[in-house]
$ cat entry.txt   # compact mmCIF, C-alpha atoms
# COMPACT_ATOMS: atom_id res chain seq x y z
CA MET A 1 -154.37 -39.75 101.62
CA GLN A 2 -155.65 -42.32 104.07
CA LYS A 3 -153.15 -45.15 104.48
CA ASN A 4 -154.29 -48.73 104.52
CA SER A 5 -153.30 -50.63 107.59
CA VAL A 6 -153.06 -53.99 105.82
CA LYS A 7 -150.48 -54.75 103.15
CA VAL A 8 -152.13 -55.59 99.87
CA SER A 9 -150.65 -58.11 97.45
CA MET A 10 -149.37 -56.89 94.10
CA ALA A 11 -151.79 -59.26 92.34
CA VAL A 12 -154.70 -57.31 93.82
CA VAL A 13 -153.04 -53.95 93.14
CA ARG A 14 -152.58 -54.90 89.48
CA ARG A 15 -156.28 -55.61 89.13
CA LEU A 16 -157.34 -52.21 90.52
CA PRO A 17 -156.64 -50.26 87.28
CA LYS A 18 -158.83 -52.76 85.45
CA TYR A 19 -161.68 -52.18 87.93
CA TYR A 20 -161.15 -48.45 87.47
CA ARG A 21 -161.41 -48.75 83.69
CA TYR A 22 -164.46 -51.02 83.66
CA LEU A 23 -166.27 -48.84 86.18
CA GLY A 24 -165.46 -45.78 84.05
CA ASP A 25 -167.06 -47.48 81.04
CA LEU A 26 -170.13 -48.34 83.11
CA ILE A 27 -170.47 -44.69 84.20
CA GLN A 28 -170.23 -43.62 80.54
CA ASN A 29 -173.02 -46.07 79.76
CA GLY A 30 -175.23 -44.69 82.52
CA VAL A 31 -175.01 -47.71 84.84
CA MET A 32 -175.34 -46.53 88.46
CA ARG A 33 -175.32 -49.77 90.44
CA ILE A 34 -173.79 -53.18 89.79
CA SER A 35 -173.57 -56.47 91.68
CA SER A 36 -170.28 -58.29 92.17
CA LYS A 37 -171.74 -61.05 89.98
CA GLU A 38 -172.46 -58.74 87.05
CA LEU A 39 -169.14 -56.92 87.39
CA GLY A 40 -167.35 -60.27 87.54
CA LYS A 41 -169.06 -61.44 84.35
CA LEU A 42 -167.93 -58.28 82.55
CA MET A 43 -164.36 -58.53 83.78
CA GLY A 44 -163.89 -62.28 83.56
CA LEU A 45 -163.59 -62.71 87.34
CA THR A 46 -165.78 -64.53 89.85
CA ALA A 47 -168.09 -62.59 92.16
CA SER A 48 -166.18 -63.87 95.18
CA GLN A 49 -162.86 -62.77 93.68
CA ILE A 50 -164.26 -59.26 93.28
CA ARG A 51 -165.59 -59.17 96.84
CA GLN A 52 -162.24 -60.42 98.13
CA ASP A 53 -160.30 -57.83 96.15
CA LEU A 54 -162.43 -54.92 97.30
CA ASN A 55 -162.50 -56.14 100.89
CA CYS A 56 -158.73 -55.56 100.97
CA PHE A 57 -159.61 -51.88 101.04
CA GLY A 58 -162.47 -52.12 103.47
CA GLY A 59 -165.22 -53.26 101.08
CA PHE A 60 -167.67 -50.94 99.40
CA GLY A 61 -170.79 -52.94 98.57
CA GLN A 62 -174.01 -53.18 100.49
CA GLN A 63 -175.29 -56.73 100.91
CA GLY A 64 -178.05 -57.25 98.35
CA TYR A 65 -177.68 -53.83 96.77
CA GLY A 66 -174.40 -54.19 94.91
CA TYR A 67 -171.94 -51.38 94.38
CA ASN A 68 -172.59 -47.73 93.63
CA VAL A 69 -170.57 -47.53 90.41
CA GLU A 70 -169.57 -43.88 90.64
CA GLU A 71 -168.58 -44.03 94.30
CA LEU A 72 -166.61 -47.23 93.78
CA GLN A 73 -164.72 -45.81 90.80
CA LYS A 74 -163.92 -42.64 92.71
CA GLU A 75 -162.69 -44.63 95.70
CA ILE A 76 -160.53 -46.93 93.58
CA GLY A 77 -159.15 -43.87 91.82
CA ARG A 78 -158.23 -42.46 95.21
CA ILE A 79 -156.52 -45.71 96.23
CA LEU A 80 -154.60 -45.63 92.93
CA GLY A 81 -153.51 -42.06 93.66
CA LEU A 82 -155.46 -40.67 90.70
CA ASN A 83 -156.96 -37.89 92.82
CA GLN A 84 -153.59 -36.16 92.68
CA THR A 85 -151.62 -34.36 89.98
CA TYR A 86 -148.24 -35.61 88.81
CA ASN A 87 -145.68 -33.47 87.01
CA CYS A 88 -144.33 -35.61 84.15
CA VAL A 89 -141.80 -35.56 81.37
CA ILE A 90 -141.35 -37.94 78.45
CA VAL A 91 -137.84 -38.74 77.28
CA GLY A 92 -137.77 -39.95 73.69
CA ALA A 93 -140.06 -38.07 71.30
CA GLY A 94 -140.32 -40.81 68.65
CA ASN A 95 -143.58 -42.53 67.73
CA LEU A 96 -144.08 -44.17 71.09
CA GLY A 97 -143.31 -41.00 73.07
CA GLN A 98 -145.70 -39.09 70.83
CA ALA A 99 -148.38 -41.76 71.22
CA ILE A 100 -148.20 -41.38 75.00
CA ALA A 101 -148.15 -37.57 74.80
CA ASN A 102 -151.31 -37.76 72.68
CA TYR A 103 -153.09 -40.29 74.87
CA GLU A 104 -156.43 -38.70 75.69
CA GLY A 105 -156.74 -40.06 79.21
CA PHE A 106 -153.36 -38.73 80.24
CA ARG A 107 -154.29 -35.16 81.14
CA ARG A 108 -157.80 -36.05 82.28
CA GLU A 109 -156.35 -38.30 84.98
CA GLY A 110 -154.03 -35.67 86.42
CA PHE A 111 -150.80 -36.34 84.59
CA ALA A 112 -149.37 -32.91 83.89
CA LEU A 113 -146.96 -33.41 81.01
CA SER A 114 -144.89 -30.26 80.60
CA ALA A 115 -141.93 -31.28 78.45
CA MET A 116 -140.46 -33.91 76.16
CA PHE A 117 -136.77 -34.56 75.49
CA ASP A 118 -134.87 -36.06 72.59
CA VAL A 119 -131.39 -36.30 71.08
CA ASN A 120 -132.60 -35.73 67.51
CA PRO A 121 -131.90 -32.12 66.38
CA ARG A 122 -134.80 -32.35 63.93
CA LEU A 123 -137.22 -32.92 66.82
CA ILE A 124 -135.72 -30.51 69.38
CA GLY A 125 -137.65 -27.23 69.43
CA ASN A 126 -140.82 -28.73 67.90
CA THR A 127 -144.05 -29.08 69.88
CA ILE A 128 -146.51 -31.96 70.18
CA ARG A 129 -149.94 -30.84 71.42
CA ASP A 130 -148.33 -27.70 72.93
CA ILE A 131 -145.64 -29.78 74.62
CA LYS A 132 -142.18 -28.56 73.67
CA ILE A 133 -139.38 -31.00 72.83
CA TYR A 134 -136.09 -30.06 74.52
CA ASP A 135 -132.51 -31.23 74.11
CA ILE A 136 -131.93 -34.28 76.30
CA GLN A 137 -128.89 -32.49 77.76
CA ASP A 138 -131.31 -30.18 79.58
CA LEU A 139 -133.20 -33.07 81.22
CA GLY A 140 -131.55 -32.95 84.65
CA THR A 141 -131.91 -29.19 85.12
CA TYR A 142 -135.50 -29.22 83.90
CA VAL A 143 -136.52 -32.06 86.23
CA LEU A 144 -134.93 -30.34 89.21
CA GLU A 145 -136.32 -26.86 88.52
CA ASN A 146 -139.85 -27.99 87.67
CA ASP A 147 -140.38 -30.47 90.48
CA ILE A 148 -140.99 -33.39 88.10
CA GLN A 149 -142.18 -36.49 89.97
CA LEU A 150 -142.74 -38.97 87.16
CA GLY A 151 -140.42 -39.77 84.26
CA ILE A 152 -141.51 -41.67 81.17
CA ILE A 153 -138.77 -43.42 79.18
CA CYS A 154 -139.33 -44.04 75.46
CA VAL A 155 -135.71 -44.28 74.28
CA PRO A 156 -133.82 -47.30 72.85
CA LYS A 157 -132.76 -49.82 75.49
CA GLU A 158 -129.08 -48.83 75.32
CA GLN A 159 -129.94 -45.32 76.59
CA SER A 160 -132.62 -46.26 79.11
CA GLN A 161 -130.50 -46.74 82.24
CA GLY A 162 -128.61 -43.48 81.65
CA VAL A 163 -131.86 -41.57 81.27
CA ALA A 164 -133.23 -43.20 84.43
CA ASP A 165 -130.06 -42.26 86.34
CA THR A 166 -130.37 -38.59 85.31
CA MET A 167 -134.02 -38.63 86.34
CA MET A 168 -133.29 -40.10 89.77
CA GLU A 169 -130.32 -37.81 90.44
CA ASN A 170 -132.65 -34.88 89.99
CA GLY A 171 -135.46 -36.02 92.22
CA ILE A 172 -137.79 -38.16 90.12
CA LYS A 173 -139.50 -40.74 92.33
CA ALA A 174 -141.35 -42.85 89.74
CA ILE A 175 -140.34 -44.17 86.32
CA TRP A 176 -142.60 -45.60 83.62
CA ASN A 177 -140.17 -47.40 81.32
CA PHE A 178 -141.05 -48.49 77.78
CA ALA A 179 -137.51 -49.36 76.70
CA PRO A 180 -137.21 -53.14 76.29
CA ALA A 181 -134.71 -53.45 79.13
CA ASP A 182 -135.52 -53.51 82.85
CA VAL A 183 -134.17 -50.31 84.38
CA GLN A 184 -132.62 -50.54 87.86
CA VAL A 185 -133.79 -47.99 90.42
CA ARG A 186 -132.79 -46.79 93.86
CA ASP A 187 -134.60 -47.94 96.96
CA ASN A 188 -136.90 -44.93 97.20
CA VAL A 189 -137.87 -44.89 93.53
CA VAL A 190 -140.71 -46.96 92.06
CA ILE A 191 -140.67 -48.37 88.55
CA GLU A 192 -142.91 -50.08 86.03
CA ASN A 193 -141.02 -51.75 83.20
CA VAL A 194 -143.59 -52.22 80.44
CA ALA A 195 -141.75 -54.46 77.89
CA ILE A 196 -144.51 -54.47 75.28
CA SER A 197 -143.12 -57.45 73.38
CA GLU A 198 -143.77 -59.75 76.34
CA SER A 199 -147.51 -59.73 75.70
CA LEU A 200 -146.86 -60.44 72.01
CA TYR A 201 -144.79 -63.51 72.87
CA THR A 202 -147.47 -64.66 75.30
CA LEU A 203 -149.87 -64.39 72.38
CA THR A 204 -147.75 -66.55 70.09
CA TYR A 205 -147.48 -69.10 72.89
CA LEU A 206 -151.27 -69.17 73.17
CA MET A 207 -151.62 -69.51 69.37
CA ASN A 208 -149.68 -72.73 69.59
CA GLU A 209 -151.21 -74.03 72.82
CA PRO A 210 -154.91 -73.19 72.52
CA GLN A 211 -155.82 -75.91 75.01
CA LEU A 212 -154.02 -74.16 77.83
CA GLU A 213 -155.86 -73.62 81.09
CA ILE A 214 -156.04 -69.90 81.82
CA MET B 1 -144.13 -78.25 67.14
CA GLN B 2 -143.77 -80.66 70.01
CA LYS B 3 -146.71 -80.36 72.39
CA ASN B 4 -146.18 -80.37 76.12
CA SER B 5 -148.08 -83.06 77.90
CA VAL B 6 -148.51 -81.05 81.10
CA LYS B 7 -150.62 -77.90 81.30
CA VAL B 8 -148.55 -74.92 82.32
CA SER B 9 -149.95 -72.09 84.42
CA MET B 10 -150.34 -68.66 82.86
CA ALA B 11 -148.09 -67.20 85.56
CA VAL B 12 -145.21 -69.31 84.25
CA VAL B 13 -146.09 -68.60 80.62
CA ARG B 14 -146.02 -64.86 81.31
CA ARG B 15 -142.50 -65.13 82.68
CA LEU B 16 -141.14 -66.93 79.60
CA PRO B 17 -140.86 -63.78 77.41
CA LYS B 18 -138.83 -62.19 80.20
CA TYR B 19 -136.45 -65.17 80.26
CA TYR B 20 -136.22 -64.91 76.49
CA ARG B 21 -135.32 -61.22 76.66
CA TYR B 22 -132.76 -61.57 79.46
CA LEU B 23 -131.09 -64.52 77.77
CA GLY B 24 -130.94 -62.52 74.53
CA ASP B 25 -129.14 -59.72 76.37
CA LEU B 26 -126.70 -62.25 77.87
CA ILE B 27 -125.94 -63.65 74.40
CA GLN B 28 -125.30 -60.10 73.14
CA ASN B 29 -122.87 -59.64 76.03
CA GLY B 30 -121.03 -62.84 75.20
CA VAL B 31 -122.20 -64.86 78.23
CA MET B 32 -122.36 -68.54 77.29
CA ARG B 33 -123.31 -70.23 80.55
CA ILE B 34 -125.27 -69.09 83.60
CA SER B 35 -126.42 -70.65 86.86
CA SER B 36 -130.01 -70.39 88.04
CA LYS B 37 -128.69 -68.30 90.94
CA GLU B 38 -127.01 -65.75 88.67
CA LEU B 39 -129.96 -65.61 86.29
CA GLY B 40 -132.30 -65.19 89.24
CA LYS B 41 -130.26 -62.29 90.58
CA LEU B 42 -130.45 -60.55 87.20
CA MET B 43 -134.18 -61.09 86.84
CA GLY B 44 -135.25 -60.53 90.43
CA LEU B 45 -136.33 -64.14 90.94
CA THR B 46 -135.03 -66.85 93.25
CA ALA B 47 -132.90 -69.68 91.87
CA SER B 48 -135.53 -72.21 92.89
CA GLN B 49 -138.26 -70.24 91.11
CA ILE B 50 -136.21 -70.36 87.92
CA ARG B 51 -135.57 -74.09 88.22
CA GLN B 52 -139.29 -74.67 88.88
CA ASP B 53 -140.33 -72.58 85.90
CA LEU B 54 -137.99 -74.30 83.49
CA ASN B 55 -138.83 -77.74 84.86
CA CYS B 56 -142.39 -77.17 83.58
CA PHE B 57 -140.91 -77.69 80.13
CA GLY B 58 -138.63 -80.58 81.00
CA GLY B 59 -135.73 -78.65 82.52
CA PHE B 60 -132.65 -77.60 80.61
CA GLY B 61 -129.82 -77.17 83.11
CA GLN B 62 -127.11 -79.58 84.04
CA GLN B 63 -126.55 -79.99 87.79
CA GLY B 64 -123.49 -77.94 88.74
CA TYR B 65 -122.95 -76.55 85.24
CA GLY B 66 -125.86 -74.14 84.90
CA TYR B 67 -127.63 -73.37 81.67
CA ASN B 68 -126.21 -73.04 78.18
CA VAL B 69 -127.51 -69.53 77.46
CA GLU B 70 -127.88 -69.86 73.71
CA GLU B 71 -129.56 -73.27 73.83
CA LEU B 72 -131.91 -72.18 76.58
CA GLN B 73 -132.94 -69.03 74.72
CA LYS B 74 -133.51 -70.99 71.53
CA GLU B 75 -135.61 -73.56 73.37
CA ILE B 76 -137.71 -70.92 75.16
CA GLY B 77 -138.18 -69.18 71.80
CA ARG B 78 -139.47 -72.46 70.39
CA ILE B 79 -141.86 -72.89 73.31
CA LEU B 80 -143.10 -69.33 72.74
CA GLY B 81 -143.65 -70.12 69.07
CA LEU B 82 -140.97 -67.66 67.94
CA ASN B 83 -139.43 -70.24 65.58
CA GLN B 84 -142.36 -69.61 63.25
CA THR B 85 -143.43 -66.75 60.99
CA TYR B 86 -146.70 -64.91 61.55
CA ASN B 87 -148.46 -62.85 58.89
CA CYS B 88 -149.59 -59.64 60.62
CA VAL B 89 -151.50 -56.47 59.97
CA ILE B 90 -151.80 -53.34 62.10
CA VAL B 91 -155.11 -51.50 62.16
CA GLY B 92 -154.70 -47.87 63.19
CA ALA B 93 -151.70 -46.09 61.67
CA GLY B 94 -151.44 -43.33 64.28
CA ASN B 95 -148.43 -42.87 66.55
CA LEU B 96 -148.87 -46.14 68.40
CA GLY B 97 -149.43 -48.18 65.22
CA GLN B 98 -146.35 -46.55 63.71
CA ALA B 99 -144.32 -47.22 66.85
CA ILE B 100 -145.14 -50.91 66.60
CA ALA B 101 -144.47 -51.01 62.85
CA ASN B 102 -141.06 -49.47 63.55
CA TYR B 103 -140.20 -51.75 66.47
CA GLU B 104 -136.84 -53.24 65.58
CA GLY B 105 -137.43 -56.67 67.07
CA PHE B 106 -140.67 -57.17 65.20
CA ARG B 107 -139.31 -58.51 61.92
CA ARG B 108 -136.31 -60.18 63.48
CA GLU B 109 -138.59 -62.41 65.54
CA GLY B 110 -140.65 -63.61 62.58
CA PHE B 111 -143.55 -61.17 62.57
CA ALA B 112 -144.19 -60.49 58.90
CA LEU B 113 -146.07 -57.20 58.81
CA SER B 114 -147.43 -56.67 55.31
CA ALA B 115 -150.07 -53.95 55.66
CA MET B 116 -151.52 -51.25 57.86
CA PHE B 117 -155.05 -49.87 57.78
CA ASP B 118 -156.61 -46.57 58.78
CA VAL B 119 -159.72 -44.45 58.28
CA ASN B 120 -157.78 -41.22 57.81
CA PRO B 121 -157.59 -40.25 54.10
CA ARG B 122 -154.37 -38.36 54.78
CA LEU B 123 -152.69 -41.59 55.92
CA ILE B 124 -154.20 -44.00 53.36
CA GLY B 125 -151.77 -44.64 50.52
CA ASN B 126 -148.69 -43.61 52.53
CA THR B 127 -146.02 -46.10 53.56
CA ILE B 128 -144.19 -46.62 56.86
CA ARG B 129 -140.93 -48.53 56.47
CA ASP B 130 -142.19 -49.98 53.15
CA ILE B 131 -145.49 -50.98 54.74
CA LYS B 132 -148.45 -49.52 52.85
CA ILE B 133 -151.42 -48.00 54.67
CA TYR B 134 -154.75 -49.16 53.19
CA ASP B 135 -158.33 -48.01 53.67
CA ILE B 136 -159.84 -49.82 56.64
CA GLN B 137 -162.74 -50.85 54.38
CA ASP B 138 -160.35 -53.26 52.64
CA LEU B 139 -159.33 -54.98 55.91
CA GLY B 140 -161.57 -58.05 55.63
CA THR B 141 -160.64 -58.87 52.02
CA TYR B 142 -156.96 -58.31 52.68
CA VAL B 143 -156.90 -60.56 55.75
CA LEU B 144 -158.70 -63.34 53.90
CA GLU B 145 -156.63 -63.18 50.72
CA ASN B 146 -153.25 -62.88 52.45
CA ASP B 147 -153.70 -65.54 55.10
CA ILE B 148 -153.18 -63.09 57.98
CA GLN B 149 -152.92 -64.89 61.33
CA LEU B 150 -152.28 -62.06 63.73
CA GLY B 151 -154.11 -58.73 63.95
CA ILE B 152 -152.82 -55.75 65.89
CA ILE B 153 -155.39 -53.18 67.00
CA CYS B 154 -154.25 -49.58 67.57
CA VAL B 155 -157.56 -47.75 67.08
CA PRO B 156 -159.66 -45.80 69.63
CA LYS B 157 -161.62 -48.00 72.01
CA GLU B 158 -164.97 -47.25 70.34
CA GLN B 159 -163.76 -48.91 67.12
CA SER B 160 -161.82 -51.79 68.66
CA GLN B 161 -164.55 -54.45 68.86
CA GLY B 162 -165.69 -53.79 65.28
CA VAL B 163 -162.14 -54.14 64.00
CA ALA B 164 -161.70 -57.36 65.99
CA ASP B 165 -164.95 -58.75 64.55
CA THR B 166 -163.82 -58.07 60.97
CA MET B 167 -160.49 -59.71 61.75
CA MET B 168 -162.10 -62.84 63.21
CA GLU B 169 -164.70 -63.15 60.42
CA ASN B 170 -161.84 -63.34 57.95
CA GLY B 171 -159.76 -65.95 59.70
CA ILE B 172 -157.48 -64.14 62.14
CA LYS B 173 -156.70 -66.40 65.09
CA ALA B 174 -154.81 -64.04 67.38
CA ILE B 175 -155.36 -60.40 68.34
CA TRP B 176 -152.92 -58.05 70.06
CA ASN B 177 -155.14 -55.22 71.27
CA PHE B 178 -153.80 -51.81 72.36
CA ALA B 179 -157.18 -50.07 72.50
CA PRO B 180 -158.05 -49.33 76.14
CA ALA B 181 -161.06 -51.66 76.09
CA ASP B 182 -161.00 -55.43 76.46
CA VAL B 183 -162.04 -56.95 73.14
CA GLN B 184 -164.24 -60.06 73.22
CA VAL B 185 -163.14 -62.97 71.05
CA ARG B 186 -164.55 -66.26 69.83
CA ASP B 187 -163.56 -69.54 71.43
CA ASN B 188 -160.87 -70.41 68.92
CA VAL B 189 -159.23 -66.98 68.91
CA VAL B 190 -156.57 -65.89 71.40
CA ILE B 191 -156.19 -62.34 72.63
CA GLU B 192 -153.86 -60.13 74.61
CA ASN B 193 -155.44 -56.88 75.78
CA VAL B 194 -152.53 -54.61 76.60
CA ALA B 195 -154.21 -51.60 78.33
CA ILE B 196 -151.05 -49.54 78.76
CA SER B 197 -152.57 -47.18 81.34
CA GLU B 198 -152.90 -50.04 83.83
CA SER B 199 -149.18 -50.05 84.49
CA LEU B 200 -149.25 -46.26 84.90
CA TYR B 201 -151.94 -46.52 87.55
CA THR B 202 -150.01 -49.28 89.29
CA LEU B 203 -147.10 -46.86 89.36
CA THR B 204 -149.13 -44.06 90.98
CA TYR B 205 -150.36 -46.58 93.54
CA LEU B 206 -146.77 -47.49 94.35
CA MET B 207 -145.78 -43.81 94.59
CA ASN B 208 -148.29 -43.42 97.37
CA GLU B 209 -147.67 -46.76 99.09
CA PRO B 210 -143.91 -47.19 99.00
CA GLN B 211 -143.97 -49.62 101.92
CA LEU B 212 -145.94 -52.19 99.94
CA GLU B 213 -144.67 -55.76 99.88
CA ILE B 214 -143.91 -56.75 96.29

$ encode --input "entry.txt" --output "structure tokens"
Amino acid sequence: MQKNSVKVSMAVVRRLPKYYRYLGDLIQNGVMRISSKELGKLMGLTASQIRQDLNCFGGFGQQGYGYNVEELQKEIGRILGLNQTYNCVIVGAGNLGQAIANYEGFRREGFALSAMFDVNPRLIGNTIRDIKIYDIQDLGTYVLENDIQLGIICVPKEQSQGVADTMMENGIKAIWNFAPADVQVRDNVVIENVAISESLYTLTYLMNEPQLEI
Amino acid sequence: MQKNSVKVSMAVVRRLPKYYRYLGDLIQNGVMRISSKELGKLMGLTASQIRQDLNCFGGFGQQGYGYNVEELQKEIGRILGLNQTYNCVIVGAGNLGQAIANYEGFRREGFALSAMFDVNPRLIGNTIRDIKIYDIQDLGTYVLENDIQLGIICVPKEQSQGVADTMMENGIKAIWNFAPADVQVRDNVVIENVAISESLYTLTYLMNEPQLEI
């Protein structure tokens, strides 16, 4: 993968998946070309914000012609690392773990989920969409032997750090954590702590402060 | 509820739920008082950032004594509107809808979930933790008759806007949307589009650019 010479701010990085999603919808709807103004209107951003964001990666538009939707999506996908395959496991096979295992976009985008893990004997041995649920005691060995790069944590918060530690000890380099507790990682491991309830509490704030400037 | 006279930026608002969660964990661990420096270390923020954030709401600490953890959490909860009760419904009773219905903190924090809705005849009539699943055709009437304020959308993206429209037509003022498509709302309705995959794609970006400044 081509490395960018300039460091990009996390604010820009966090907008890239949104570009990727909107451009994917445009492709589905048969749109082949779009101006920064039109894309901005769709996404709730200004045209200049969009041009600035994309210029961080060299810029893709042609003055007066707008962006080629398919090329731009492909390029953003490449920047996001979605042109690669990632070996994944999910730890915690409850409703949330199952929801992620069933997420349609997961396989399409190169996330190769090969196993789930749980402590519950009633779940161990079952399969979800051909994915077998293993005993959580086998997590470390499985991760090591199957070159798993990405670990997804869907266990209660009390267990989350322990699961993360086992993952990291066995070579996992990225953790997507849904437990409502920020997991601590080593220097060479990247993490996204999702904390779903935070967006709910933002919503209740907004319900009570509808005059807020956004 | 006391209104704040100063407009607060969304960046600060989005950090408040994180303060709320960390302070809750401190209370559970018996910590009664904490300095902005210690809290910052826990949360990955600087002490001055924390003082700035909390000063937006009048400031709570006492110079040299730090913050009273329980009082601060209670006050932030009040600012977030968590001292109130919200009548909620979940539309989409699949894995994700069930995960949210089962989320332990949901009831504790005043979210009164009274019904779920689905199109699947095999789900309609069942209950999840005492919550009945109704036919989605009854959504509008139910929302209107039961004074539902908050609607949670866990349906596929193709159905999400239609569900949101029915919610808004019947008086819902806040929507928590998990469908991977940004739902458009009226002026007097607030929305949080969660788009879970965005954090996954941020993670794959970070896996490929570990030198990024965060």

$ atom_distance --input "entry.txt" --atom1 "atom CA of Met10 of chain B" --atom2 "atom CA of Ser9 of chain A"
18.0 Å

$ closest_residue --input "entry.txt" --among "A:Ala112, A:Tyr103, A:Pro121, A:Ser35" --to "Ala179 of chain B" --atoms "all atoms listed in the file"
A:Tyr103

$ closest_residue --input "entry.txt" --among "A:Gly97, A:Tyr20, A:Asp147, A:Leu200" --to "Lys74 of chain A" --atoms "all atoms listed in the file"
A:Tyr20

$ closest_atom_pairs --input "entry.txt" --of "chain A" --to "chain B" --cutoff "7 Å" --atoms "all atoms listed in the file" --output "JSON lines"
{"residue": "A:Lys7", "atom": "CA", "partner": "B:Leu212", "partner_atom": "CA", "distance": 6.1}
{"residue": "A:Ser9", "atom": "CA", "partner": "B:Glu213", "partner_atom": "CA", "distance": 6.9}
{"residue": "A:Met10", "atom": "CA", "partner": "B:Ile214", "partner_atom": "CA", "distance": 5.9}
{"residue": "A:Val13", "atom": "CA", "partner": "B:Thr202", "partner_atom": "CA", "distance": 6.8}
{"residue": "A:Arg14", "atom": "CA", "partner": "B:Thr202", "partner_atom": "CA", "distance": 6.2}
{"residue": "A:Pro17", "atom": "CA", "partner": "B:Glu198", "partner_atom": "CA", "distance": 5.1}
{"residue": "A:Lys18", "atom": "CA", "partner": "B:Glu198", "partner_atom": "CA", "distance": 6.7}
{"residue": "A:Ile79", "atom": "CA", "partner": "B:Tyr205", "partner_atom": "CA", "distance": 6.8}
{"residue": "A:Leu80", "atom": "CA", "partner": "B:Tyr205", "partner_atom": "CA", "distance": 4.4}
{"residue": "A:Gly81", "atom": "CA", "partner": "B:Thr204", "partner_atom": "CA", "distance": 5.5}
{"residue": "A:Asn95", "atom": "CA", "partner": "B:Ala99", "partner_atom": "CA", "distance": 4.8}
{"residue": "A:Leu96", "atom": "CA", "partner": "B:Ala99", "partner_atom": "CA", "distance": 5.2}
{"residue": "A:Gln98", "atom": "CA", "partner": "B:Asn95", "partner_atom": "CA", "distance": 6.3}
{"residue": "A:Ala99", "atom": "CA", "partner": "B:Asn95", "partner_atom": "CA", "distance": 4.8}
{"residue": "A:Ala174", "atom": "CA", "partner": "B:Met207", "partner_atom": "CA", "distance": 6.6}
{"residue": "A:Trp176", "atom": "CA", "partner": "B:Leu200", "partner_atom": "CA", "distance": 6.8}
{"residue": "A:Val190", "atom": "CA", "partner": "B:Met207", "partner_atom": "CA", "distance": 6.5}
{"residue": "A:Ile191", "atom": "CA", "partner": "B:Leu203", "partner_atom": "CA", "distance": 6.7}
{"residue": "A:Glu192", "atom": "CA", "partner": "B:Leu203", "partner_atom": "CA", "distance": 6.2}
{"residue": "A:Glu198", "atom": "CA", "partner": "B:Pro17", "partner_atom": "CA", "distance": 5.1}
{"residue": "A:Ser199", "atom": "CA", "partner": "B:Glu192", "partner_atom": "CA", "distance": 6.5}
{"residue": "A:Leu200", "atom": "CA", "partner": "B:Trp176", "partner_atom": "CA", "distance": 6.8}
{"residue": "A:Tyr201", "atom": "CA", "partner": "B:Pro17", "partner_atom": "CA", "distance": 6.0}
{"residue": "A:Thr202", "atom": "CA", "partner": "B:Arg14", "partner_atom": "CA", "distance": 6.2}
{"residue": "A:Leu203", "atom": "CA", "partner": "B:Glu192", "partner_atom": "CA", "distance": 6.2}
{"residue": "A:Thr204", "atom": "CA", "partner": "B:Gly81", "partner_atom": "CA", "distance": 5.5}
{"residue": "A:Tyr205", "atom": "CA", "partner": "B:Leu80", "partner_atom": "CA", "distance": 4.4}
{"residue": "A:Leu206", "atom": "CA", "partner": "B:Val190", "partner_atom": "CA", "distance": 6.5}
{"residue": "A:Met207", "atom": "CA", "partner": "B:Val190", "partner_atom": "CA", "distance": 6.5}
{"residue": "A:Asn208", "atom": "CA", "partner": "B:Gly81", "partner_atom": "CA", "distance": 6.6}
{"residue": "A:Leu212", "atom": "CA", "partner": "B:Lys7", "partner_atom": "CA", "distance": 6.1}
{"residue": "A:Glu213", "atom": "CA", "partner": "B:Lys7", "partner_atom": "CA", "distance": 6.8}
{"residue": "A:Ile214", "atom": "CA", "partner": "B:Met10", "partner_atom": "CA", "distance": 5.9}

$ residues_around --input "entry.txt" --residues "Gly140 of chain A" --least-positions-apart "4" --cutoff "10 Å" --atoms "all atoms listed in the file" --output "list in words"
Ile136, Leu144, Glu145, Val163, Asp165, Thr166, Met167, Met168, Glu169, Asn170, Gly171 and Ile172 of chain A

$ write_last_selection --input "entry.txt" --atoms "C-alpha atoms" --output "PDB file, in the coordinates of the input"
ATOM      1  CA  ILE A 136    -131.930 -34.280  76.300  1.00  0.00           C
ATOM      2  CA  LEU A 144    -134.930 -30.340  89.210  1.00  0.00           C
ATOM      3  CA  GLU A 145    -136.320 -26.860  88.520  1.00  0.00           C
ATOM      4  CA  VAL A 163    -131.860 -41.570  81.270  1.00  0.00           C
ATOM      5  CA  ASP A 165    -130.060 -42.260  86.340  1.00  0.00           C
ATOM      6  CA  THR A 166    -130.370 -38.590  85.310  1.00  0.00           C
ATOM      7  CA  MET A 167    -134.020 -38.630  86.340  1.00  0.00           C
ATOM      8  CA  MET A 168    -133.290 -40.100  89.770  1.00  0.00           C
ATOM      9  CA  GLU A 169    -130.320 -37.810  90.440  1.00  0.00           C
ATOM     10  CA  ASN A 170    -132.650 -34.880  89.990  1.00  0.00           C
ATOM     11  CA  GLY A 171    -135.460 -36.020  92.220  1.00  0.00           C
ATOM     12  CA  ILE A 172    -137.790 -38.160  90.120  1.00  0.00           C
TER      13      ILE A 172
END

$ atom_distance --input "entry.txt" --atom1 "atom CA of Arg33 of chain B" --atom2 "atom CA of Tyr67 of chain B"
5.5 Å

$ residues_near_point --input "entry.txt" --point "(-143.8, -52.1, 58.5)" --cutoff "8 Å" --atoms "all atoms listed in the file" --output "count of residues only"
11

$ closest_residue --input "entry.txt" --among "B:Val185, B:Ile90, B:Val69, B:Ile76" --to "Leu26 of chain B" --atoms "only C-alpha atoms"
B:Val69

$ residues_around --input "entry.txt" --residues "Asp118 of chain B" --least-positions-apart "3" --cutoff "7 Å" --atoms "all atoms listed in the file" --output "list in words"
Val91, Gly92, Ala93, Leu123, Ile124, Ile133, Tyr134, Asp135 and Ile136 of chain B
